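data.cif, holding mmCIF, C-alpha atoms:
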data_model
loop_
_atom_site.group_PDB
_atom_site.id
_atom_site.type_symbol
_atom_site.label_atom_id
_atom_site.label_comp_id
_atom_site.auth_asym_id
_atom_site.auth_seq_id
_atom_site.Cartn_x
_atom_site.Cartn_y
_atom_site.Cartn_z
ATOM 1 C CA MET A 1 63.907 84.908 -13.067
ATOM 2 C CA THR A 2 64.852 83.272 -16.355
ATOM 3 C CA THR A 3 63.465 79.933 -17.492
ATOM 4 C CA PHE A 4 66.035 77.690 -19.162
ATOM 5 C CA ILE A 5 64.965 74.928 -21.536
ATOM 6 C CA LEU A 6 67.864 72.501 -21.963
ATOM 7 C CA VAL A 7 67.577 70.242 -24.999
ATOM 8 C CA ALA A 8 69.753 67.147 -24.712
ATOM 9 C CA GLY A 9 70.166 63.837 -26.479
ATOM 10 C CA GLN A 10 72.579 61.588 -28.323
ATOM 11 C CA PRO A 11 74.593 62.931 -31.266
ATOM 12 C CA GLY A 12 72.310 63.062 -34.274
ATOM 13 C CA SER A 13 69.099 63.197 -32.243
ATOM 14 C CA GLY A 14 68.159 66.684 -33.442
ATOM 15 C CA LYS A 15 69.006 68.844 -30.447
ATOM 16 C CA THR A 16 69.901 71.922 -32.465
ATOM 17 C CA THR A 17 66.953 71.522 -34.823
ATOM 18 C CA LEU A 18 64.474 71.290 -31.953
ATOM 19 C CA GLY A 19 66.278 74.062 -30.083
ATOM 20 C CA ARG A 20 65.915 76.429 -33.057
ATOM 21 C CA SER A 21 62.224 75.633 -33.342
ATOM 22 C CA LEU A 22 61.595 76.164 -29.638
ATOM 23 C CA ALA A 23 63.577 79.403 -29.614
ATOM 24 C CA ARG A 24 61.553 80.715 -32.562
ATOM 25 C CA ARG A 25 58.246 79.710 -30.985
ATOM 26 C CA MET A 26 59.168 81.254 -27.617
ATOM 27 C CA LYS A 27 60.931 84.265 -29.143
ATOM 28 C CA ALA A 28 63.899 83.273 -26.990
ATOM 29 C CA PRO A 29 67.632 83.204 -27.671
ATOM 30 C CA LEU A 30 69.218 79.877 -28.585
ATOM 31 C CA VAL A 31 72.574 79.003 -27.037
ATOM 32 C CA ASP A 32 74.019 75.970 -28.836
ATOM 33 C CA LEU A 33 77.176 74.239 -27.619
ATOM 34 C CA ASP A 34 78.781 74.000 -31.063
ATOM 35 C CA ALA A 35 77.960 77.588 -32.041
ATOM 36 C CA ALA A 36 78.851 79.110 -28.664
ATOM 37 C CA THR A 37 82.239 77.394 -28.521
ATOM 38 C CA ALA A 38 83.263 77.341 -32.203
ATOM 39 C CA ALA A 39 86.076 79.881 -31.790
ATOM 40 C CA PHE A 40 87.369 78.097 -28.696
ATOM 41 C CA VAL A 41 87.369 74.743 -30.530
ATOM 42 C CA GLU A 42 89.273 76.229 -33.478
ATOM 43 C CA GLU A 43 91.861 77.701 -31.115
ATOM 44 C CA ALA A 44 92.264 74.354 -29.350
ATOM 45 C CA ARG A 45 92.520 72.570 -32.709
ATOM 46 C CA ALA A 46 95.369 74.904 -33.728
ATOM 47 C CA LYS A 47 97.178 74.213 -30.458
ATOM 48 C CA ARG A 48 96.634 70.431 -30.626
ATOM 49 C CA PRO A 49 96.732 69.369 -34.301
ATOM 50 C CA ASP A 50 97.869 65.917 -33.165
ATOM 51 C CA LEU A 51 94.428 65.142 -31.694
ATOM 52 C CA GLY A 52 91.545 63.821 -33.755
ATOM 53 C CA GLU A 53 88.213 65.623 -33.541
ATOM 54 C CA ALA A 54 86.620 63.318 -30.953
ATOM 55 C CA ALA A 55 89.731 63.276 -28.731
ATOM 56 C CA LEU A 56 90.034 67.059 -28.914
ATOM 57 C CA LEU A 57 86.399 67.609 -27.966
ATOM 58 C CA THR A 58 86.783 65.211 -25.039
ATOM 59 C CA ALA A 59 89.937 66.975 -23.842
ATOM 60 C CA ILE A 60 88.338 70.426 -23.877
ATOM 61 C CA ARG A 61 84.853 69.424 -22.718
ATOM 62 C CA PRO A 62 84.984 71.097 -19.289
ATOM 63 C CA ASP A 63 86.053 74.419 -20.800
ATOM 64 C CA ARG A 64 83.432 74.200 -23.552
ATOM 65 C CA TYR A 65 80.686 73.718 -20.994
ATOM 66 C CA LEU A 66 81.970 76.653 -18.931
ATOM 67 C CA GLU A 67 81.716 78.791 -22.082
ATOM 68 C CA LEU A 68 78.239 77.431 -22.835
ATOM 69 C CA ILE A 69 77.013 78.254 -19.333
ATOM 70 C CA ALA A 70 78.535 81.743 -19.525
ATOM 71 C CA ALA A 71 76.788 82.333 -22.865
ATOM 72 C CA ALA A 72 73.459 81.116 -21.444
ATOM 73 C CA ARG A 73 73.826 83.412 -18.439
ATOM 74 C CA ALA A 74 74.621 86.329 -20.728
ATOM 75 C CA ALA A 75 71.518 85.589 -22.809
ATOM 76 C CA ALA A 76 69.441 85.440 -19.624
ATOM 77 C CA ARG A 77 70.306 89.062 -18.858
ATOM 78 C CA PHE A 78 68.174 90.080 -21.848
ATOM 79 C CA SER A 79 65.468 87.414 -21.958
ATOM 80 C CA SER A 80 63.094 85.697 -19.571
ATOM 81 C CA ARG A 81 63.524 82.422 -21.514
ATOM 82 C CA VAL A 82 66.683 80.819 -22.940
ATOM 83 C CA VAL A 83 66.952 77.600 -24.953
ATOM 84 C CA VAL A 84 70.261 75.748 -24.529
ATOM 85 C CA THR A 85 71.298 72.754 -26.652
ATOM 86 C CA ALA A 86 74.091 70.330 -25.757
ATOM 87 C CA PRO A 87 74.461 66.639 -24.906
ATOM 88 C CA PHE A 88 74.825 67.380 -21.145
ATOM 89 C CA THR A 89 75.953 63.748 -20.801
ATOM 90 C CA SER A 90 77.618 64.067 -17.389
ATOM 91 C CA GLU A 91 75.155 66.579 -16.018
ATOM 92 C CA ILE A 92 72.050 64.449 -16.650
ATOM 93 C CA ALA A 93 73.611 61.303 -15.191
ATOM 94 C CA SER A 94 74.146 62.656 -11.683
ATOM 95 C CA ASP A 95 71.965 64.643 -9.310
ATOM 96 C CA GLN A 96 75.069 66.430 -8.031
ATOM 97 C CA ARG A 97 76.283 67.408 -11.515
ATOM 98 C CA TRP A 98 72.764 68.513 -12.428
ATOM 99 C CA SER A 99 72.626 70.703 -9.298
ATOM 100 C CA GLU A 100 76.007 72.177 -10.240
ATOM 101 C CA LEU A 101 74.713 72.974 -13.733
ATOM 102 C CA VAL A 102 71.584 74.639 -12.352
ATOM 103 C CA ALA A 103 73.723 76.678 -9.943
ATOM 104 C CA GLY A 104 76.109 77.588 -12.767
ATOM 105 C CA LEU A 105 73.166 78.974 -14.718
ATOM 106 C CA GLY A 106 72.294 81.093 -11.679
ATOM 107 C CA ALA A 107 68.822 79.560 -11.659
ATOM 108 C CA GLU A 108 66.497 77.835 -9.269
ATOM 109 C CA PRO A 109 65.837 74.128 -9.984
ATOM 110 C CA ALA A 110 62.204 74.879 -10.869
ATOM 111 C CA ASP A 111 63.392 77.234 -13.615
ATOM 112 C CA VAL A 112 65.537 74.682 -15.488
ATOM 113 C CA HIS A 113 63.707 72.158 -17.658
ATOM 114 C CA LEU A 114 65.391 69.241 -19.407
ATOM 115 C CA VAL A 115 64.064 67.944 -22.716
ATOM 116 C CA TRP A 116 65.558 64.564 -23.662
ATOM 117 C CA LEU A 117 65.360 63.483 -27.287
ATOM 118 C CA SER A 118 64.903 59.719 -27.520
ATOM 119 C CA ILE A 119 66.130 58.178 -30.766
ATOM 120 C CA SER A 120 66.710 54.665 -32.042
ATOM 121 C CA PRO A 121 70.288 53.658 -32.868
ATOM 122 C CA GLU A 122 69.257 53.058 -36.488
ATOM 123 C CA GLU A 123 67.749 56.522 -36.952
ATOM 124 C CA ARG A 124 70.674 58.115 -35.155
ATOM 125 C CA LEU A 125 73.122 56.371 -37.483
ATOM 126 C CA ARG A 126 71.128 57.478 -40.526
ATOM 127 C CA ARG A 127 71.159 61.103 -39.373
ATOM 128 C CA MET A 128 74.856 61.061 -38.489
ATOM 129 C CA ASN A 129 75.671 59.734 -41.960
ATOM 130 C CA LEU A 130 73.523 62.446 -43.553
ATOM 131 C CA ARG A 131 75.070 65.339 -41.667
ATOM 132 C CA GLY A 132 78.646 64.211 -42.299
ATOM 133 C CA ALA A 133 80.125 66.056 -39.312
ATOM 134 C CA THR A 134 83.792 65.374 -38.611
ATOM 135 C CA ARG A 135 83.022 64.949 -34.904
ATOM 136 C CA ASP A 136 81.047 61.810 -35.836
ATOM 137 C CA SER A 137 83.743 60.239 -38.017
ATOM 138 C CA ASP A 138 85.377 58.061 -35.325
ATOM 139 C CA LEU A 139 82.056 56.609 -34.209
ATOM 140 C CA LEU A 140 80.890 56.053 -37.780
ATOM 141 C CA ALA A 141 84.160 54.277 -38.578
ATOM 142 C CA GLU A 142 83.617 51.940 -35.609
ATOM 143 C CA VAL A 143 80.083 51.168 -36.764
ATOM 144 C CA GLY A 144 81.348 50.635 -40.316
ATOM 145 C CA GLY A 145 83.735 48.077 -38.858
ATOM 146 C CA GLY A 146 80.871 46.114 -37.347
ATOM 147 C CA ALA A 147 80.572 47.743 -33.926
ATOM 148 C CA GLN A 148 77.117 48.504 -32.525
ATOM 149 C CA LEU A 149 76.055 52.116 -32.134
ATOM 150 C CA PRO A 150 75.535 52.622 -28.388
ATOM 151 C CA ASP A 151 72.003 53.371 -27.214
ATOM 152 C CA GLY A 152 73.059 55.981 -24.691
ATOM 153 C CA ALA A 153 71.679 56.277 -21.202
ATOM 154 C CA SER A 154 68.530 58.205 -20.416
ATOM 155 C CA PRO A 155 68.750 61.028 -17.886
ATOM 156 C CA THR A 156 68.580 60.214 -14.207
ATOM 157 C CA VAL A 157 67.256 63.703 -13.486
ATOM 158 C CA PRO A 158 63.668 64.811 -14.164
ATOM 159 C CA SER A 159 63.082 65.328 -17.881
ATOM 160 C CA LEU A 160 60.518 65.436 -20.626
ATOM 161 C CA HIS A 161 61.227 62.601 -23.068
ATOM 162 C CA VAL A 162 60.398 63.483 -26.668
ATOM 163 C CA ASP A 163 60.445 61.062 -29.586
ATOM 164 C CA ALA A 164 63.109 62.427 -31.941
ATOM 165 C CA SER A 165 61.572 60.593 -34.888
ATOM 166 C CA LEU A 166 58.608 63.001 -34.854
ATOM 167 C CA GLN A 167 58.404 66.000 -37.153
ATOM 168 C CA VAL A 168 60.049 69.095 -35.662
ATOM 169 C CA SER A 169 56.706 70.885 -35.356
ATOM 170 C CA ASP A 170 55.267 67.919 -33.426
ATOM 171 C CA MET A 171 58.283 67.804 -31.090
ATOM 172 C CA THR A 172 57.956 71.543 -30.519
ATOM 173 C CA ASP A 173 54.244 71.173 -29.764
ATOM 174 C CA ALA A 174 55.015 68.340 -27.313
ATOM 175 C CA VAL A 175 57.463 70.514 -25.414
ATOM 176 C CA MET A 176 55.245 73.574 -25.441
ATOM 177 C CA SER A 177 52.214 71.589 -24.256
ATOM 178 C CA ARG A 178 54.192 70.380 -21.248
ATOM 179 C CA PHE A 179 54.056 73.930 -19.993
ATOM 180 C CA ASP A 180 50.305 74.406 -20.295
ATOM 181 C CA ASN A 181 50.265 77.245 -17.828
ATOM 182 C CA GLY A 182 51.575 79.439 -20.626
ATOM 183 C CA SER A 183 54.905 80.165 -18.960
ATOM 184 C CA LEU A 184 56.803 79.340 -22.137
ATOM 185 C CA GLN A 185 54.433 80.954 -24.595
ATOM 186 C CA ALA A 186 55.658 84.062 -26.376
#
Will you turn the file into structure tokens for me?
Amino acid sequence: MTTFILVAGQPGSGKTTLGRSLARRMKAPLVDLDAATAAFVEEARAKRPDLGEAALLTAIRPDRYLELIAAARAAARFSSRVVVTAPFTSEIASDQRWSELVAGLGAEPADVHLVWLSISPEERLRRMNLRGATRDSDLLAEVGGGAQLPDGASPTVPSLHVDASLQVSDMTDAVMSRFDNGSLQA
């Protein structure tokens, strides 16, 4: 059976950065939402040039997550551990959606672990400005106009909360220490 480590959090919280570090430490494949669905997003962008980045990503979200899950399942055929990074916004807010995600991965609930990156709105804004991703532009424009950056809801499903303001090595250690039985060690 494959163990899946799902790294989730608000945009700019460092999901991909932590995911890379965990994957390296565990010698596991990393399946990242943006990387796994880049070709699909480009195809959708060509078909819908009238949509802004945020609207496009919202419109194609269900299909992107189907691709992400398929990529994670494919990685699981060759590895006993897979790290998956994505916001998982809907899936972590509902026991039913979480169960559907676990089933989609072809896993047992005990084999899917959620890591939630907690981040302050101020640090999140700083990081989003630094990375300059087009997918953040609408939200950054709202904040520039005086709007508050939303905090974002914490998961309602069991999760390990990690402080995203820590150094990557410290976040990685925090996640790895959670599994002190050695099940995630390389």
Selection: 9 Å around Thr2 of chain A, only C-alpha atoms, excl. self and same-chain fewer than 5 positions, as a count of residues only:
9
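From atom CA of Ser90 of chain A back to atom CA of Leu66 of chain A, the distance works out to 13.4 Å.
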Requested in this report: Apply the PyMOL selection byres ((chain A and resi 23) around 12) to the file shown and report the selected residues as JSON, numbers by chain.
Outcome: {"A": [4, 5, 6, 7, 15, 16, 17, 18, 19, 20, 21, 22, 24, 25, 26, 27, 28, 29, 30, 31, 32, 79, 80, 81, 82, 83, 84, 85, 172, 175, 176, 184, 185, 186]}
One residue among A:Val162, A:Leu33, A:Leu68, A:Ala74 is nearest to Ser118 of chain A when using only C-alpha atoms, and that residue is A:Val162
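Closest approach to Val157 of chain A among A:Asp63, A:Asp95, A:Glu43, A:Asp50: A:Asp95, based on all atoms listed in the file.
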re atom CA of Glu42 of chain A and atom CA of Leu56 of chain A: distance 10.3 Å
Report as a list in words all protein, DNA and RNA residues lying within 10 Å of Val102 of chain A, evaluated on all atoms listed in the file, omitting residues in the same chain fewer than 2 positions from it. Phe4, Ile69, Glu91, Gln96, Arg97, Trp98, Ser99, Glu100, Gly104, Leu105, Gly106, Ala107, Glu108, Pro109, Ala110, Asp111, Val112 and His113 of chain A
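Distance-wise, atom CA of Ala93 of chain A and atom CA of Arg178 of chain A end up 22.3 Å apart.
Comparing the minimum interatomic distances between Trp116 of chain A and each of A:Thr89, A:Ala103, A:His161, A:Pro62, counting all atoms listed in the file, we find that A:His161 sits nearest.
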(message) Expand the PyMOL selection byres ((chain A and resi 164) around 8) into the explicit residue set it covers here, and present it as JSON, numbers by chain.
(response) {"A": [13, 14, 117, 118, 119, 162, 163, 165, 166, 167, 171]}
Enclose the full set of atoms of segment 78-83 of chain A listed in the file within a box whose edges lie along x, y and z, apply 3 Å of padding to each of the six sides, and report centre and edge lengths in Å to one decimal as AutoDock Vina command-line options.
--center_x 65.6 --center_y 83.8 --center_z -22.3 --size_x 11.1 --size_y 18.5 --size_z 11.4
